[in-house]
Amino acid sequence: MLRSLIIAVVLILVVSAEERAEIKRTGPAAHYVIRSSDLKTTLDFLELVLGLRVLRHEENPEACPISCNGDYAVPWSKTMVGTRPEDEAYALEVTYNYGVDGYERGTGLAGFDIFVDDVKEALDAASDLGYAATAADPSAPAVVGPDGYEYRLLARPSGRREPFRAVRFFSPDPAGTAKWYARTLGMSEQLGPGGFVSVAFSAMDEADGVVFRFDVGSNVITQFDGRNALSLPAAQVRSIYGALRESQPERILHDLQEINEETGLGVLLILIITDPNGLELCLVSSEAFEPAIRDATDYIGPDYMARKKLALEYAERISRAKKQKPNAFGWAAEL
């Protein structure tokens, strides 16, 4: 009997490992970068209202050389949040800049459509935190959360694994934007009612993954609008870089980066570009990126006491950054 029990346990472990290996995102859409002027407030909202959890957190004493934390030369942190490890579902990257306590709201990023287990409970949780529904449509009420980001709440269908349905943007020319995504990134276009256009990498993304929707509207891009990260094969990232460098060099925000951190995962390619609306895209090579984010998931959130000490330690660096760009939006009062 003991032998049978051992065999059963081994089989369960093997099946679980196989299932884990097969669970992947439906496509290259990896995460979206948003800003936070108060990290605890943001994370509380994302957890209590949207049902997201911290996947990993990191502190960075130096500004990101490829503007991951926006146009601020200050120490910063990033916190990945989602419902599953990053290689299994779309996530949010919450960036916090030390010394910045607000962001000018742009009009490029319209918001996120996200599934929740119970829409009413999510709305009640938002209300308890001081955030009210802003749309009358009972099938998709919207809540504007911390720092002005809008989330449309959708009832999660049975069996739906991916929490996000869409990231929505405003564009003066949705059709032209969609054609650029199709031509440049190989995405497919789908025209919707009312003139909006959505793009996705595959029919599977359109059905079960994340789509990117462009509605007609003027847009002003600010630090608020963040950045969309896509995980693509290295050969495709290099091809996109070569094509843009030849025909649309103005779309390249940062030249192709090749990072080999001797982790055994190979060279990580990172390319930062903008679409025709000025919205930022981060293209990373999937061969190195996917195993790296899988291994990095530890579900450990920020240490707020340690962060208070860091804020004091960083005061001089922040002061220097403010002197270099005194008119940048959102500087906090000096301690």
# chains A, B, ... in the order shown; residues from 1 in each chain; ligands from 1
>>> residues_around(residues="segment 127-131 of chain A", least_positions_apart="6", cutoff="8 Å", atoms="only C-alpha atoms", output="list in words")
Phe45, Val143, Val144 and Gly145 of chain A
>>> select_by_dssp(residues="segment 86-216 of chain A", states="strand (DSSP E)", output="VMD selection string")
chain A and resid 91 to 97 109 to 116 142 to 144 150 to 155 164 to 171 188 to 191 197 to 200 211 to 216
>>> select_by_dssp(residues="segment 73-316 of chain A", states="alpha helix (DSSP H)", output="PyMOL selection string")
chain A and resi 119-128+174-185+203-208+234-247+286-296+304-313+315-316
>>> residues_around(residues="segment 24-40 of chain A", least_positions_apart="2", cutoff="6 Å", atoms="only C-alpha atoms", output="VMD selection string")
chain A and resid 42 to 44 87 to 96 101 to 102 205 209 226 to 232
>>> residues_around(residues="Arg156 of chain A", least_positions_apart="3", cutoff="10 Å", atoms="only C-alpha atoms", output="mmCIF file with N, CA and C atoms, in the first residue's frame")
data_model
loop_
_atom_site.group_PDB
_atom_site.id
_atom_site.type_symbol
_atom_site.label_atom_id
_atom_site.label_comp_id
_atom_site.auth_asym_id
_atom_site.auth_seq_id
_atom_site.Cartn_x
_atom_site.Cartn_y
_atom_site.Cartn_z
ATOM 1 N N ILE A 114 -10.729 44.606 -17.305
ATOM 2 C CA ILE A 114 -10.220 43.491 -16.507
ATOM 3 C C ILE A 114 -11.365 42.676 -15.922
ATOM 4 N N PHE A 115 -11.192 41.371 -15.898
ATOM 5 C CA PHE A 115 -12.194 40.471 -15.341
ATOM 6 C C PHE A 115 -12.005 40.339 -13.835
ATOM 7 N N VAL A 116 -13.119 40.323 -13.124
ATOM 8 C CA VAL A 116 -13.106 40.087 -11.679
ATOM 9 C C VAL A 116 -14.131 38.996 -11.372
ATOM 10 N N ASP A 117 -13.967 38.343 -10.226
ATOM 11 C CA ASP A 117 -14.871 37.252 -9.866
ATOM 12 C C ASP A 117 -16.287 37.744 -9.594
ATOM 13 N N ASP A 118 -16.403 38.918 -8.959
ATOM 14 C CA ASP A 118 -17.716 39.458 -8.612
ATOM 15 C C ASP A 118 -17.662 40.972 -8.786
ATOM 16 N N VAL A 119 -18.365 41.488 -9.791
ATOM 17 C CA VAL A 119 -18.306 42.919 -10.101
ATOM 18 C C VAL A 119 -18.822 43.755 -8.943
ATOM 19 N N LEU A 153 -14.649 47.014 -15.128
ATOM 20 C CA LEU A 153 -14.792 45.727 -14.459
ATOM 21 C C LEU A 153 -15.749 44.824 -15.224
ATOM 22 N N GLY A 159 -13.759 29.516 -16.481
ATOM 23 C CA GLY A 159 -12.583 28.969 -17.128
ATOM 24 C C GLY A 159 -11.614 29.991 -17.690
ATOM 25 N N ARG A 160 -11.950 31.272 -17.565
ATOM 26 C CA ARG A 160 -11.065 32.321 -18.084
ATOM 27 C C ARG A 160 -9.827 32.439 -17.195
ATOM 28 N N ARG A 161 -8.634 32.258 -17.760
ATOM 29 C CA ARG A 161 -7.399 32.331 -16.988
ATOM 30 C C ARG A 161 -6.788 33.724 -17.042
ATOM 31 N N GLU A 162 -6.779 34.345 -18.215
ATOM 32 C CA GLU A 162 -6.180 35.664 -18.392
ATOM 33 C C GLU A 162 -7.075 36.737 -17.752
ATOM 34 N N PRO A 163 -6.557 37.518 -16.786
ATOM 35 C CA PRO A 163 -7.405 38.499 -16.110
ATOM 36 C C PRO A 163 -7.735 39.727 -16.956
ATOM 37 N N PHE A 164 -6.850 40.118 -17.865
ATOM 38 C CA PHE A 164 -7.081 41.322 -18.650
ATOM 39 C C PHE A 164 -7.770 40.981 -19.968
ATOM 40 N N ARG A 165 -8.732 41.811 -20.337
ATOM 41 C CA ARG A 165 -9.390 41.639 -21.632
ATOM 42 C C ARG A 165 -8.805 42.585 -22.669
#
>>> closest_atom_pairs(of="segment 60-172 of chain A", to="segment 177-189 of chain A", cutoff="12 Å", atoms="only C-alpha atoms", output="JSON lines")
{"residue": "A:Phe169", "atom": "CA", "partner": "A:Thr177", "partner_atom": "CA", "distance": 10.6}
{"residue": "A:Phe170", "atom": "CA", "partner": "A:Thr177", "partner_atom": "CA", "distance": 10.3}
{"residue": "A:Ser171", "atom": "CA", "partner": "A:Thr177", "partner_atom": "CA", "distance": 7.6}
{"residue": "A:Pro172", "atom": "CA", "partner": "A:Thr177", "partner_atom": "CA", "distance": 8.8}
>>> write_last_selection(atoms="C-alpha atoms", output="short mmCIF file (atom, residue, chain, number, x, y, z; two decimals), in the first residue's frame")
data_model
loop_
_atom_site.label_atom_id
_atom_site.label_comp_id
_atom_site.auth_asym_id
_atom_site.auth_seq_id
_atom_site.Cartn_x
_atom_site.Cartn_y
_atom_site.Cartn_z
CA PHE A 169 -6.08 53.86 -26.03
CA PHE A 170 -7.19 57.04 -27.77
CA SER A 171 -5.86 57.83 -31.23
CA PRO A 172 -6.74 60.44 -33.85
#
>>> residues_around(residues="Arg251 of chain A", least_positions_apart="5", cutoff="8 Å", atoms="only C-alpha atoms", output="MDAnalysis selection string")
chainID A and resid 244 273:276
>>> residues_around(residues="Glu313 of chain A", least_positions_apart="3", cutoff="12 Å", atoms="only C-alpha atoms", output="PDB file with C-alpha atoms, in the first residue's frame")
ATOM      1  CA  PRO A  61      19.061  53.028  -6.661  1.00  0.00           C
ATOM      2  CA  VAL A  74      15.939  59.444  -9.561  1.00  0.00           C
ATOM      3  CA  PRO A  75      15.997  56.117  -7.713  1.00  0.00           C
ATOM      4  CA  TYR A  98      11.328  58.546  -5.252  1.00  0.00           C
ATOM      5  CA  GLY A  99      10.725  62.266  -4.913  1.00  0.00           C
ATOM      6  CA  ALA A 306      12.962  49.988   4.485  1.00  0.00           C
ATOM      7  CA  ARG A 307      11.535  52.284   1.814  1.00  0.00           C
ATOM      8  CA  LYS A 308      11.160  55.119   4.330  1.00  0.00           C
ATOM      9  CA  LYS A 309      14.863  54.837   5.105  1.00  0.00           C
ATOM     10  CA  LEU A 310      15.705  54.724   1.408  1.00  0.00           C
ATOM     11  CA  GLU A 316      20.438  64.399  -2.104  1.00  0.00           C
ATOM     12  CA  ARG A 317      20.106  62.561  -5.433  1.00  0.00           C
ATOM     13  CA  ILE A 318      16.506  63.698  -5.750  1.00  0.00           C
ATOM     14  CA  SER A 319      17.490  67.282  -5.019  1.00  0.00           C
ATOM     15  CA  LEU A 335      12.063  66.892   3.287  1.00  0.00           C
TER      16      LEU A 335
END
